[in-house]
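Listing of final24.txt, compact mmCIF, C-alpha atoms (C1' of nucleotides)
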```
# COMPACT_ATOMS: atom_id res chain seq x y z
CA MET A 5 -13.04 -30.00 11.80
CA VAL A 6 -14.58 -30.64 8.40
CA GLU A 7 -17.76 -29.10 9.78
CA VAL A 8 -16.14 -25.68 9.82
CA LEU A 9 -15.40 -26.14 6.15
CA PHE A 10 -18.91 -27.19 5.25
CA GLU A 11 -20.38 -24.42 7.28
CA HIS A 12 -18.30 -22.02 5.27
CA ILE A 13 -19.09 -23.57 1.92
CA GLU A 14 -22.81 -23.70 2.60
CA LYS A 15 -22.88 -20.00 3.26
CA LYS A 16 -22.25 -19.62 -0.46
CA VAL A 17 -23.71 -22.68 -2.18
CA THR A 18 -25.96 -25.61 -1.28
CA LEU A 19 -24.50 -29.10 -1.23
CA SER A 20 -26.32 -32.39 -1.60
CA ASP A 21 -25.29 -35.26 0.67
CA ALA A 22 -23.50 -36.89 -2.24
CA GLU A 23 -21.58 -33.73 -2.96
CA ARG A 24 -20.73 -33.28 0.67
CA SER A 25 -19.15 -36.69 0.96
CA ALA A 26 -17.37 -36.28 -2.37
CA VAL A 27 -15.90 -33.00 -1.21
CA LYS A 28 -14.79 -34.39 2.11
CA ASP A 29 -12.50 -36.98 0.58
CA PHE A 30 -10.28 -34.43 -1.07
CA PHE A 31 -9.07 -32.80 2.11
CA THR A 32 -6.24 -33.74 4.44
CA PRO A 33 -6.18 -32.39 8.00
CA LYS A 34 -3.00 -30.82 9.29
CA SER A 35 -2.17 -29.08 12.52
CA LEU A 36 0.41 -26.37 12.92
CA ARG A 37 2.15 -25.05 16.02
CA LYS A 38 2.76 -21.36 16.58
CA ARG A 39 5.77 -20.20 14.51
CA GLN A 40 5.67 -23.32 12.36
CA TYR A 41 5.88 -22.90 8.60
CA LEU A 42 3.18 -24.08 6.27
CA LEU A 43 5.21 -22.86 3.32
CA GLN A 44 8.69 -21.46 2.83
CA ALA A 45 9.64 -19.17 -0.02
CA GLY A 46 11.54 -21.11 -2.65
CA ASP A 47 9.53 -24.27 -2.18
CA SER A 48 6.65 -24.97 -4.48
CA CYS A 49 3.29 -24.39 -2.84
CA LYS A 50 1.55 -27.75 -2.87
CA TYR A 51 -1.67 -26.88 -1.12
CA LEU A 52 -4.59 -24.62 -0.74
CA ALA A 53 -5.11 -24.47 3.01
CA PHE A 54 -8.46 -23.93 4.65
CA ILE A 55 -8.15 -22.62 8.19
CA ALA A 56 -10.53 -24.40 10.55
CA GLU A 57 -8.92 -22.84 13.59
CA GLY A 58 -6.05 -20.51 14.39
CA LEU A 59 -4.27 -17.55 12.85
CA LEU A 60 -1.64 -17.46 10.11
CA ARG A 61 0.23 -14.91 8.07
CA THR A 62 1.59 -14.79 4.54
CA TYR A 63 4.69 -12.66 4.14
CA ASN A 64 7.66 -12.11 1.90
CA THR A 65 11.17 -10.85 2.43
CA ASP A 66 12.46 -8.15 0.09
CA ASP A 67 15.97 -7.53 -1.24
CA LYS A 68 16.84 -5.42 1.79
CA GLY A 69 15.78 -8.20 4.12
CA ASN A 70 12.59 -6.54 5.27
CA GLU A 71 9.53 -8.67 5.89
CA HIS A 72 6.18 -7.60 4.47
CA VAL A 73 3.01 -9.30 5.64
CA SER A 74 0.60 -9.54 2.75
CA VAL A 75 -2.28 -11.53 4.18
CA PHE A 76 -3.58 -12.63 7.55
CA GLY A 77 -5.77 -15.72 7.61
CA TRP A 78 -8.00 -17.08 10.34
CA GLU A 79 -11.01 -19.34 10.84
CA GLY A 80 -12.93 -19.71 7.60
CA TRP A 81 -10.23 -18.37 5.26
CA TRP A 82 -8.08 -19.93 2.63
CA LEU A 83 -4.36 -19.37 2.28
CA SER A 84 -1.64 -20.26 -0.21
CA ASP A 85 0.88 -18.76 -2.54
CA PHE A 86 -1.66 -18.77 -5.30
CA ASN A 87 0.76 -18.19 -8.09
CA SER A 88 3.03 -20.99 -6.99
CA PHE A 89 0.08 -23.26 -6.29
CA LEU A 90 -1.42 -22.76 -9.72
CA THR A 91 1.69 -22.68 -11.87
CA GLY A 92 4.19 -24.69 -9.84
CA VAL A 93 6.86 -21.98 -9.79
CA PRO A 94 8.76 -21.55 -6.50
CA ALA A 95 6.81 -19.61 -3.89
CA ILE A 96 7.85 -16.06 -3.13
CA TYR A 97 5.79 -16.01 0.04
CA ASN A 98 6.24 -17.65 3.40
CA ILE A 99 3.25 -18.80 5.39
CA ASP A 100 3.51 -19.49 9.10
CA ALA A 101 1.32 -19.72 12.15
CA ILE A 102 0.83 -16.80 14.52
CA GLU A 103 -1.31 -19.07 16.69
CA ASP A 104 -1.59 -22.86 16.80
CA ALA A 105 -3.81 -23.85 13.92
CA GLN A 106 -5.94 -26.62 12.44
CA LEU A 107 -5.93 -26.77 8.65
CA LEU A 108 -7.54 -28.72 5.85
CA LEU A 109 -5.27 -29.12 2.86
CA LEU A 110 -6.22 -29.46 -0.79
CA SER A 111 -3.52 -30.38 -3.28
CA ARG A 112 -3.24 -28.92 -6.75
CA ALA A 113 -4.36 -32.11 -8.42
CA ASP A 114 -7.25 -32.48 -6.03
CA TYR A 115 -8.27 -28.90 -6.59
CA GLU A 116 -8.59 -29.66 -10.29
CA LYS A 117 -10.42 -32.90 -9.64
CA LEU A 118 -12.69 -31.35 -7.07
CA THR A 119 -13.81 -28.54 -9.36
CA LEU A 120 -14.26 -30.93 -12.28
CA ASN A 121 -16.08 -33.67 -10.34
CA VAL A 122 -18.19 -31.33 -8.26
CA PRO A 123 -19.02 -28.39 -10.54
CA ILE A 124 -20.74 -26.51 -7.79
CA MET A 125 -17.32 -26.09 -6.25
CA ASP A 126 -16.34 -24.02 -9.29
CA ARG A 127 -19.20 -21.81 -8.28
CA TYR A 128 -18.11 -21.81 -4.64
CA PHE A 129 -14.59 -20.76 -5.55
CA ARG A 130 -15.86 -18.28 -8.08
CA ILE A 131 -17.90 -16.60 -5.36
CA LEU A 132 -15.05 -16.88 -2.89
CA PHE A 133 -12.65 -15.22 -5.29
CA GLN A 134 -15.22 -12.60 -6.19
CA ASN A 135 -15.33 -11.58 -2.54
CA SER A 136 -11.60 -11.73 -2.23
CA ILE A 137 -11.30 -9.32 -5.14
CA LEU A 138 -13.64 -6.90 -3.39
CA THR A 139 -11.51 -7.05 -0.26
CA LYS A 140 -8.27 -6.52 -2.12
CA GLU A 141 -9.83 -3.69 -4.13
CA ARG A 142 -10.79 -1.94 -0.93
CA ARG A 143 -7.38 -2.48 0.58
CA LEU A 144 -5.69 -1.15 -2.51
CA THR A 145 -7.79 2.00 -2.48
CA SER A 146 -7.08 2.45 1.18
CA SER A 147 -3.37 1.86 0.78
CA ILE A 148 -3.13 4.43 -1.99
CA SER A 149 -5.34 7.20 -0.77
CA HIS A 150 -5.33 7.14 3.02
CA THR A 151 -2.89 8.33 5.66
CA ALA A 152 -1.16 5.97 8.08
CA LYS A 153 -3.64 6.87 10.77
CA GLU A 154 -6.64 6.26 8.55
CA LYS A 155 -5.28 2.91 7.44
CA TYR A 156 -4.70 1.81 11.00
CA LEU A 157 -8.14 2.84 12.19
CA GLU A 158 -9.72 1.23 9.17
CA PHE A 159 -7.92 -2.01 9.87
CA ILE A 160 -8.90 -2.33 13.50
CA SER A 161 -12.46 -1.26 12.89
CA SER A 162 -13.00 -3.67 10.02
CA ASN A 163 -11.31 -6.52 11.90
CA PRO A 164 -12.25 -5.80 15.49
CA GLU A 165 -11.66 -9.26 16.98
CA VAL A 166 -8.69 -10.55 15.01
CA SER A 167 -6.81 -7.28 15.29
CA GLN A 168 -6.63 -8.06 19.01
CA ARG A 169 -4.91 -11.34 18.25
CA ILE A 170 -2.23 -9.91 15.97
CA PRO A 171 0.97 -8.34 17.37
CA GLN A 172 1.20 -4.69 16.44
CA HIS A 173 4.43 -4.87 14.54
CA LEU A 174 2.77 -7.36 12.20
CA ILE A 175 -0.17 -5.05 11.67
CA ALA A 176 2.35 -2.33 10.86
CA SER A 177 4.05 -4.61 8.37
CA TYR A 178 0.69 -5.47 6.81
CA LEU A 179 -0.25 -1.83 6.45
CA GLY A 180 3.15 -0.86 5.12
CA ILE A 181 3.93 1.57 7.92
CA ALA A 182 6.63 1.64 10.61
CA PRO A 183 5.79 0.01 13.96
CA GLU A 184 6.83 3.22 15.69
CA THR A 185 4.21 5.09 13.72
CA ILE A 186 1.45 2.86 15.10
CA SER A 187 2.76 3.46 18.57
CA ARG A 188 2.52 7.20 18.03
CA ILE A 189 -0.92 6.97 16.46
CA LYS A 190 -2.23 5.12 19.50
CA LYS A 191 -0.67 7.64 21.85
CA ASP A 192 -2.24 10.40 19.84
CA LEU A 193 -5.67 8.78 20.01
CA LEU A 194 -5.51 8.50 23.80
CA LYS A 195 -5.00 12.24 24.16
CA LYS A 196 -8.50 12.84 22.82
CA MET B 28 -16.82 -7.98 -31.78
CA VAL B 29 -18.09 -11.09 -30.06
CA GLU B 30 -15.05 -12.83 -31.51
CA VAL B 31 -12.76 -10.91 -29.18
CA LEU B 32 -14.83 -12.22 -26.29
CA PHE B 33 -14.71 -15.82 -27.45
CA GLU B 34 -11.04 -15.59 -28.15
CA HIS B 35 -10.56 -14.48 -24.59
CA ILE B 36 -12.83 -17.11 -23.09
CA GLU B 37 -11.27 -19.92 -25.06
CA LYS B 38 -7.86 -19.07 -23.69
CA LYS B 39 -9.20 -20.35 -20.39
CA VAL B 40 -11.86 -22.95 -21.15
CA THR B 41 -13.14 -24.85 -24.18
CA LEU B 42 -16.63 -24.15 -25.45
CA SER B 43 -18.85 -26.40 -27.53
CA ASP B 44 -20.83 -24.81 -30.36
CA ALA B 45 -23.96 -25.02 -28.28
CA GLU B 46 -22.29 -23.28 -25.40
CA ARG B 47 -20.88 -20.65 -27.68
CA SER B 48 -24.25 -19.69 -29.06
CA ALA B 49 -25.83 -19.82 -25.60
CA VAL B 50 -23.20 -17.47 -24.29
CA LYS B 51 -23.55 -15.06 -27.17
CA ASP B 52 -27.19 -14.32 -26.46
CA PHE B 53 -26.48 -12.88 -23.05
CA PHE B 54 -24.38 -9.98 -24.24
CA THR B 55 -25.39 -6.54 -25.47
CA PRO B 56 -22.94 -4.47 -27.50
CA LYS B 57 -22.34 -0.88 -26.53
CA SER B 58 -19.99 1.74 -27.83
CA LEU B 59 -18.53 4.56 -25.81
CA ARG B 60 -16.91 7.82 -26.89
CA LYS B 61 -13.83 9.21 -25.22
CA ARG B 62 -14.77 10.87 -21.89
CA GLN B 63 -18.17 9.21 -21.88
CA TYR B 64 -19.31 7.53 -18.66
CA LEU B 65 -20.15 3.88 -18.45
CA LEU B 66 -21.01 4.27 -14.79
CA GLN B 67 -21.34 7.19 -12.41
CA ALA B 68 -20.84 6.91 -8.67
CA GLY B 69 -24.21 6.88 -6.93
CA ASP B 70 -25.94 4.91 -9.66
CA SER B 71 -26.28 1.20 -9.29
CA CYS B 72 -23.88 -0.73 -11.52
CA LYS B 73 -26.08 -2.72 -13.86
CA TYR B 74 -23.43 -4.43 -15.97
CA LEU B 75 -20.26 -6.36 -16.19
CA ALA B 76 -18.51 -4.85 -19.19
CA PHE B 77 -16.17 -6.77 -21.43
CA ILE B 78 -13.86 -4.49 -23.40
CA ALA B 79 -13.57 -5.59 -27.02
CA GLU B 80 -11.73 -2.42 -27.98
CA GLY B 81 -10.55 0.78 -26.33
CA LEU B 82 -9.32 1.96 -22.97
CA LEU B 83 -11.28 2.81 -19.83
CA ARG B 84 -10.62 3.75 -16.25
CA THR B 85 -12.35 3.12 -12.95
CA TYR B 86 -11.90 5.88 -10.39
CA ASN B 87 -13.42 7.33 -7.28
CA THR B 88 -13.50 10.77 -5.75
CA ASP B 89 -12.61 11.09 -2.07
CA ASP B 90 -13.94 13.48 0.59
CA LYS B 91 -11.34 16.09 -0.33
CA GLY B 92 -12.41 15.96 -3.97
CA ASN B 93 -9.34 14.10 -5.20
CA GLU B 94 -9.73 11.50 -7.91
CA HIS B 95 -8.09 8.11 -7.51
CA VAL B 96 -7.86 5.77 -10.46
CA SER B 97 -8.22 2.21 -9.24
CA VAL B 98 -8.25 0.19 -12.44
CA PHE B 99 -7.41 0.63 -16.09
CA GLY B 100 -9.16 -1.69 -18.53
CA TRP B 101 -8.42 -2.39 -22.17
CA GLU B 102 -9.00 -5.05 -24.84
CA GLY B 103 -9.79 -8.39 -23.23
CA TRP B 104 -10.54 -7.09 -19.72
CA TRP B 105 -13.69 -6.84 -17.69
CA LEU B 106 -14.78 -3.79 -15.75
CA SER B 107 -17.51 -2.90 -13.28
CA ASP B 108 -18.08 -1.72 -9.77
CA PHE B 109 -18.15 -5.28 -8.58
CA ASN B 110 -19.63 -4.57 -5.23
CA SER B 111 -22.46 -2.53 -6.67
CA PHE B 112 -22.98 -5.02 -9.46
CA LEU B 113 -23.28 -7.96 -7.10
CA THR B 114 -25.20 -6.40 -4.25
CA GLY B 115 -27.10 -3.58 -5.93
CA VAL B 116 -25.81 -0.88 -3.58
CA PRO B 117 -24.95 2.50 -5.19
CA ALA B 118 -21.59 2.48 -6.95
CA ILE B 119 -18.70 4.31 -5.34
CA TYR B 120 -16.67 4.19 -8.53
CA ASN B 121 -16.98 6.03 -11.81
CA ILE B 122 -16.06 4.33 -15.04
CA ASP B 123 -15.35 6.33 -18.18
CA ALA B 124 -13.56 6.00 -21.49
CA ILE B 125 -10.01 7.26 -22.00
CA GLU B 126 -10.30 6.19 -25.64
CA ASP B 127 -13.36 5.41 -27.76
CA ALA B 128 -14.42 1.90 -26.86
CA GLN B 129 -16.50 -1.08 -27.91
CA LEU B 130 -18.04 -3.03 -25.06
CA LEU B 131 -20.11 -6.13 -24.47
CA LEU B 132 -22.45 -5.80 -21.52
CA LEU B 133 -23.72 -8.51 -19.23
CA SER B 134 -26.48 -7.66 -16.77
CA ARG B 135 -26.64 -8.96 -13.23
CA ALA B 136 -29.56 -11.24 -13.98
CA ASP B 137 -27.88 -12.54 -17.10
CA TYR B 138 -24.65 -13.12 -15.21
CA GLU B 139 -26.56 -15.39 -12.86
CA LYS B 140 -28.37 -17.12 -15.69
CA LEU B 141 -25.22 -17.50 -17.71
CA THR B 142 -23.28 -19.17 -14.93
CA LEU B 143 -26.22 -21.40 -14.06
CA ASN B 144 -27.11 -22.39 -17.63
CA VAL B 145 -23.54 -22.76 -18.82
CA PRO B 146 -21.61 -24.15 -15.85
CA ILE B 147 -18.34 -23.92 -17.67
CA MET B 148 -18.70 -20.17 -17.38
CA ASP B 149 -18.48 -20.56 -13.62
CA ARG B 150 -15.14 -22.13 -14.32
CA TYR B 151 -14.19 -19.35 -16.73
CA PHE B 152 -14.99 -16.66 -14.19
CA ARG B 153 -13.35 -18.65 -11.42
CA ILE B 154 -10.12 -18.71 -13.44
CA LEU B 155 -10.53 -15.08 -14.44
CA PHE B 156 -10.96 -14.03 -10.83
CA GLN B 157 -8.10 -16.25 -9.76
CA ASN B 158 -5.83 -14.30 -12.10
CA SER B 159 -7.28 -11.01 -11.03
CA ILE B 160 -6.43 -11.87 -7.44
CA LEU B 161 -2.83 -12.55 -8.43
CA THR B 162 -2.62 -9.17 -10.14
CA LYS B 163 -4.10 -7.32 -7.22
CA GLU B 164 -1.87 -9.21 -4.81
CA ARG B 165 1.17 -8.09 -6.74
CA ARG B 166 -0.04 -4.52 -6.91
CA LEU B 167 -0.72 -4.48 -3.21
CA THR B 168 2.76 -5.72 -2.41
CA SER B 169 4.23 -3.16 -4.74
CA SER B 170 2.15 -0.34 -3.34
CA ILE B 171 3.18 -1.15 0.20
CA SER B 172 6.83 -1.96 -0.14
CA HIS B 173 8.19 0.01 -3.08
CA THR B 174 9.23 3.62 -3.60
CA ALA B 175 7.49 5.93 -6.05
CA LYS B 176 10.23 5.35 -8.58
CA GLU B 177 10.04 1.58 -8.29
CA LYS B 178 6.27 1.64 -8.64
CA TYR B 179 6.46 3.75 -11.75
CA LEU B 180 9.11 1.62 -13.41
CA GLU B 181 7.22 -1.52 -12.49
CA PHE B 182 4.06 -0.16 -14.03
CA ILE B 183 5.53 0.80 -17.36
CA SER B 184 7.58 -2.36 -17.65
CA SER B 185 4.67 -4.66 -16.89
CA ASN B 186 2.33 -2.72 -19.16
CA PRO B 187 4.65 -1.58 -21.93
CA GLU B 188 2.07 -0.88 -24.64
CA VAL B 189 -0.90 0.42 -22.68
CA SER B 190 1.23 2.68 -20.53
CA GLN B 191 1.91 4.61 -23.74
CA ARG B 192 -1.79 5.16 -24.20
CA ILE B 193 -2.49 6.49 -20.72
CA PRO B 194 -1.86 10.18 -19.82
CA GLN B 195 0.78 10.45 -17.14
CA HIS B 196 -1.33 12.20 -14.57
CA LEU B 197 -3.69 9.22 -14.65
CA ILE B 198 -0.81 6.82 -14.13
CA ALA B 199 0.21 8.97 -11.18
CA SER B 200 -3.28 8.77 -9.78
CA TYR B 201 -3.31 5.00 -10.27
CA LEU B 202 -0.02 4.60 -8.46
CA GLY B 203 -1.01 6.95 -5.68
CA ILE B 204 1.77 9.42 -6.32
CA ALA B 205 1.77 13.08 -7.37
CA PRO B 206 2.01 13.85 -11.11
CA GLU B 207 4.95 16.12 -10.39
CA THR B 208 6.80 13.20 -8.88
CA ILE B 209 6.51 11.22 -12.11
CA SER B 210 7.83 14.20 -14.00
CA ARG B 211 10.87 14.30 -11.76
CA ILE B 212 11.41 10.56 -11.93
CA LYS B 213 11.52 10.71 -15.71
CA LYS B 214 13.91 13.64 -15.63
CA ASP B 215 16.07 11.72 -13.22
CA LEU B 216 16.13 8.66 -15.48
CA LEU B 217 17.27 10.70 -18.46
CA LYS B 218 20.33 11.91 -16.62
CA LYS B 219 21.69 8.35 -16.56
C1' DC C 29 -7.48 31.94 -32.19
C1' DG C 30 -8.28 30.86 -27.38
C1' DG C 31 -9.26 27.87 -23.83
C1' DA C 32 -8.67 23.41 -21.89
C1' DT C 33 -5.59 19.78 -20.99
C1' DC C 34 -1.21 18.00 -19.83
C1' DG C 35 3.45 18.02 -18.41
C1' DT C 36 7.47 20.56 -16.25
C1' DT C 37 10.16 23.03 -12.83
C1' DG C 38 11.30 25.31 -8.48
C1' DA C 39 10.52 26.16 -3.51
C1' DT C 40 8.58 24.90 0.68
C1' DC C 41 6.55 21.74 3.87
C1' DA C 42 4.55 17.69 6.22
C1' DA C 43 4.23 12.89 7.02
C1' DC C 44 6.49 9.19 7.93
C1' DT C 45 10.95 6.57 8.33
C1' DT C 46 15.08 5.53 10.48
C1' DC C 47 18.17 4.98 14.22
C1' DA C 48 18.99 4.40 18.94
C1' DA C 49 17.93 3.49 23.54
C1' DC C 50 14.89 1.75 27.07
C1' DG C 51 11.22 -0.93 29.75
C1' DG C 52 8.03 -4.63 30.18
C1' DT C 53 6.62 -9.39 29.58
C1' DC C 54 6.84 -14.06 28.37
C1' DG C 55 8.79 -18.55 28.07
C1' DT C 56 12.55 -21.71 28.32
C1' DG C 57 16.64 -23.96 30.06
C1' DG C 58 19.77 -24.29 33.87
C1' DC D 30 11.72 -21.68 40.18
C1' DC D 31 14.41 -18.15 38.96
C1' DA D 32 17.17 -15.73 35.51
C1' DC D 33 18.25 -14.58 31.20
C1' DG D 34 17.35 -13.62 26.60
C1' DA D 35 14.01 -13.00 22.96
C1' DC D 36 10.29 -10.47 21.71
C1' DC D 37 7.42 -6.51 21.65
C1' DG D 38 6.07 -1.91 22.28
C1' DT D 39 7.43 2.97 23.39
C1' DT D 40 9.79 7.37 23.09
C1' DG D 41 12.92 10.91 21.30
C1' DA D 42 15.74 13.12 17.69
C1' DA D 43 17.15 13.53 13.12
C1' DG D 44 16.68 12.61 8.29
C1' DT D 45 14.13 11.73 3.72
C1' DT D 46 10.75 11.08 0.56
C1' DG D 47 7.32 12.73 -1.71
C1' DA D 48 3.22 16.17 -1.45
C1' DT D 49 1.73 20.66 -2.10
C1' DC D 50 1.58 25.22 -4.07
C1' DA D 51 2.46 28.19 -7.77
C1' DA D 52 3.86 29.55 -12.15
C1' DC D 53 4.92 28.49 -16.77
C1' DG D 54 5.25 26.18 -21.51
C1' DA D 55 3.46 23.07 -24.94
C1' DT D 56 -0.04 20.85 -27.47
C1' DC D 57 -4.47 19.77 -28.97
C1' DC D 58 -8.98 20.78 -30.57
C1' DG D 59 -13.22 23.15 -31.34
```

As structure tokens:
Amino acid sequence: MVEVLFEHIEKKVTLSDAERSAVKDFFTPKSLRKRQYLLQAGDSCKYLAFIAEGLLRTYNTDDKGNEHVSVFGWEGWWLSDFNSFLTGVPAIYNIDAIEDAQLLLLSRADYEKLTLNVPIMDRYFRILFQNSILTKERRLTSSISHTAKEKYLEFISSNPEVSQRIPQHLIASYLGIAPETISRIKKDLLKK
Amino acid sequence: MVEVLFEHIEKKVTLSDAERSAVKDFFTPKSLRKRQYLLQAGDSCKYLAFIAEGLLRTYNTDDKGNEHVSVFGWEGWWLSDFNSFLTGVPAIYNIDAIEDAQLLLLSRADYEKLTLNVPIMDRYFRILFQNSILTKERRLTSSISHTAKEKYLEFISSNPEVSQRIPQHLIASYLGIAPETISRIKKDLLKK
DNA sequence: CGGATCGTTGATCAACTTCAACGGTCGTGG
DNA sequence: CCACGACCGTTGAAGTTGATCAACGATCCG
């Protein structure tokens, strides 16, 4: 399981054997069943979770009781309520499993220790976050300037495999459009 | 001018004198007049720009010729077309000055050198990006789940001073709503 | 002074949401 | 092992929000 993690890390930085074994010790494996929570809003988010296998979602519930998916995570991604994780305030997001999952957890304290003891991990996370910013930037632009149809097509074409694994009403929630609208978009596409 | 930069850096990490003078050498000052471009779409983005003074915007122009502001930057922020900066591909964003500005530029090569020579700067950027992710996360949630009115109110209340300095049609563009809509929202608010 | 820039207002229109009802499929407990 | 309920997607009809188009007024600046 740790191999998935190293594989992912070594796409971005090179680790010595010493570093590799130092890194390994900070992580705790955890498995999650479908529908099981990793984090519930209101709790403090104790961990950064690396997904070795499976599919999860981060979502929040607004004042009117509507759920909004904000992130999907699958093999090779990290999830957490970052704000809660970093500052200790109660989480506003829930995280649960869409598919059974295998995770590697990193606690707040260990995150600090890891980046201090193994400086190259600062670099790894810096690069990771850099890429994450690019992704969010793109999504923001898309969310602001594209139609529902464009957003949907963009999503499935930039995530061809995972989009198959995610129920459509969750994709709708992620894109901020009504599930019925996706239904109609698909119908519309078939006509042509 | 460099003091603004150090002030900002030292909010996140502590620098030794040696580090401080090492860091300083990597930056080139540049001043920009109102309306002047820092970057034009199509060019490659050569620099990360730290804003010591002034106000800038990042925007792109879509197929229909509409401009979409994606980021505002002011004192203490960094701007660039990240993707272009990191990968060298032509920029899709324009960056120009809304107010006269004083910048400190960091080239791609120097960014690499800086983070390699002064590892604590990896940490600085890691923390910077961490925060940037939080901001974008929030904006994404807002953009997906809030009404035009809520987005507008959120923007001015979370950016009380700068929002005064930005023309309203640019705020509209940033929020992805029509300028007329902001006009009507304001009118509506006055009634109460 | 005259044009460019920015905000306002009114009228119309389109995209998408909401509400309601229905059909299919999956999984769990009797 | 079947039946029932939860879950998910689909379809139709009606309603709303916000965009678009057009015209106008104000202000700023060269």

- Task: Please return, as number ranges by chain, all residues of chain C lying within 9 Å of chain A when all atoms listed in the file are considered.
- Result: C: 43-45

- Message: Applying 12 Å and all atoms listed in the file, which residues near Ser149 (chain A) remain after dropping the ones on its own chain fewer than 5 positions away? List them as a list in words.
- Response: Arg142, Arg143, Leu144, Glu154 and Lys155 of chain A; Tyr86, Asn87, Thr88, Asp89, Asp90, Lys91, Gly92, Asn93, Glu94, His95, Val96, Ser97, Ser170, Ile171, Ala199, Ser200, Tyr201, Leu202, Gly203, Ile204 and Ala205 of chain B

Restricting it to C-alpha atoms, dump the selection as a short mmCIF file (atom, residue, chain, number, x, y, z; two decimals), in the frame of the given file.
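As written to disk, part21.cif reads:
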```
data_model
loop_
_atom_site.label_atom_id
_atom_site.label_comp_id
_atom_site.auth_asym_id
_atom_site.auth_seq_id
_atom_site.Cartn_x
_atom_site.Cartn_y
_atom_site.Cartn_z
CA ARG A 142 -10.79 -1.94 -0.93
CA ARG A 143 -7.38 -2.48 0.58
CA LEU A 144 -5.69 -1.15 -2.51
CA GLU A 154 -6.64 6.26 8.55
CA LYS A 155 -5.28 2.91 7.44
CA TYR B 86 -11.90 5.88 -10.39
CA ASN B 87 -13.42 7.33 -7.28
CA THR B 88 -13.50 10.77 -5.75
CA ASP B 89 -12.61 11.09 -2.07
CA ASP B 90 -13.94 13.48 0.59
CA LYS B 91 -11.34 16.09 -0.33
CA GLY B 92 -12.41 15.96 -3.97
CA ASN B 93 -9.34 14.10 -5.20
CA GLU B 94 -9.73 11.50 -7.91
CA HIS B 95 -8.09 8.11 -7.51
CA VAL B 96 -7.86 5.77 -10.46
CA SER B 97 -8.22 2.21 -9.24
CA SER B 170 2.15 -0.34 -3.34
CA ILE B 171 3.18 -1.15 0.20
CA ALA B 199 0.21 8.97 -11.18
CA SER B 200 -3.28 8.77 -9.78
CA TYR B 201 -3.31 5.00 -10.27
CA LEU B 202 -0.02 4.60 -8.46
CA GLY B 203 -1.01 6.95 -5.68
CA ILE B 204 1.77 9.42 -6.32
CA ALA B 205 1.77 13.08 -7.37
#
```

- Mind checking which residues fall within 12 Å of DC41 (chain C), counting only C-alpha atoms (C1' of nucleotides), ignoring those fewer than 6 positions away in the same chain, and posting them as a list in words? DT46, DG47, DA48, DT49 and DC50 of chain D

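Using all atoms listed in the file, the part of chain A that sits within 6 Å of chain B is made up of Asp126, Arg127, Arg130, Phe133, Ile137, Ile148 and Gly180 of chain A.
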
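Atom pair CA of Thr62 (chain A) / CA of Ala105 (chain A): separated by 14.1 Å.
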
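Residue-level contact on chain D: within 9 Å of chain A, counting all atoms listed in the file, the set is DC37, DG38, DT39 and DT40 of chain D.
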
Could those residues be written to a file, using C-alpha atoms (C1' of nucleotides), as a compact mmCIF listing (two decimals), in the frame of the given file?
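Dumped everything to selection.txt:
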```
# COMPACT_ATOMS: atom_id res chain seq x y z
C1' DC D 37 7.42 -6.51 21.65
C1' DG D 38 6.07 -1.91 22.28
C1' DT D 39 7.43 2.97 23.39
C1' DT D 40 9.79 7.37 23.09
```

- Considering only C-alpha atoms (C1' of nucleotides), return as a PyMOL selection string whatever protein or nucleic-acid residues lie within 12 Å of DA48 (chain C), sequence-local ones (same chain, fewer than 3 positions apart) excluded. chain D and resi 40-43

Got time to write the residues from that selection, C-alpha atoms (C1' of nucleotides), as a PDB file, keeping the file's coordinate frame?
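To be explicit, this is the file written out as again-v6.pdb:
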```pdb
ATOM      1  C1'  DT D  40       9.790   7.370  23.090  1.00  0.00           C
ATOM      2  C1'  DG D  41      12.920  10.910  21.300  1.00  0.00           C
ATOM      3  C1'  DA D  42      15.740  13.120  17.690  1.00  0.00           C
ATOM      4  C1'  DA D  43      17.150  13.530  13.120  1.00  0.00           C
TER       5       DA D  43
END
```

- Message: Considering only C-alpha atoms, can you say which of A:Leu109, A:Leu59, A:Ala53, A:Ile96 comes closest to Trp82 (chain A)?
- Response: A:Ala53
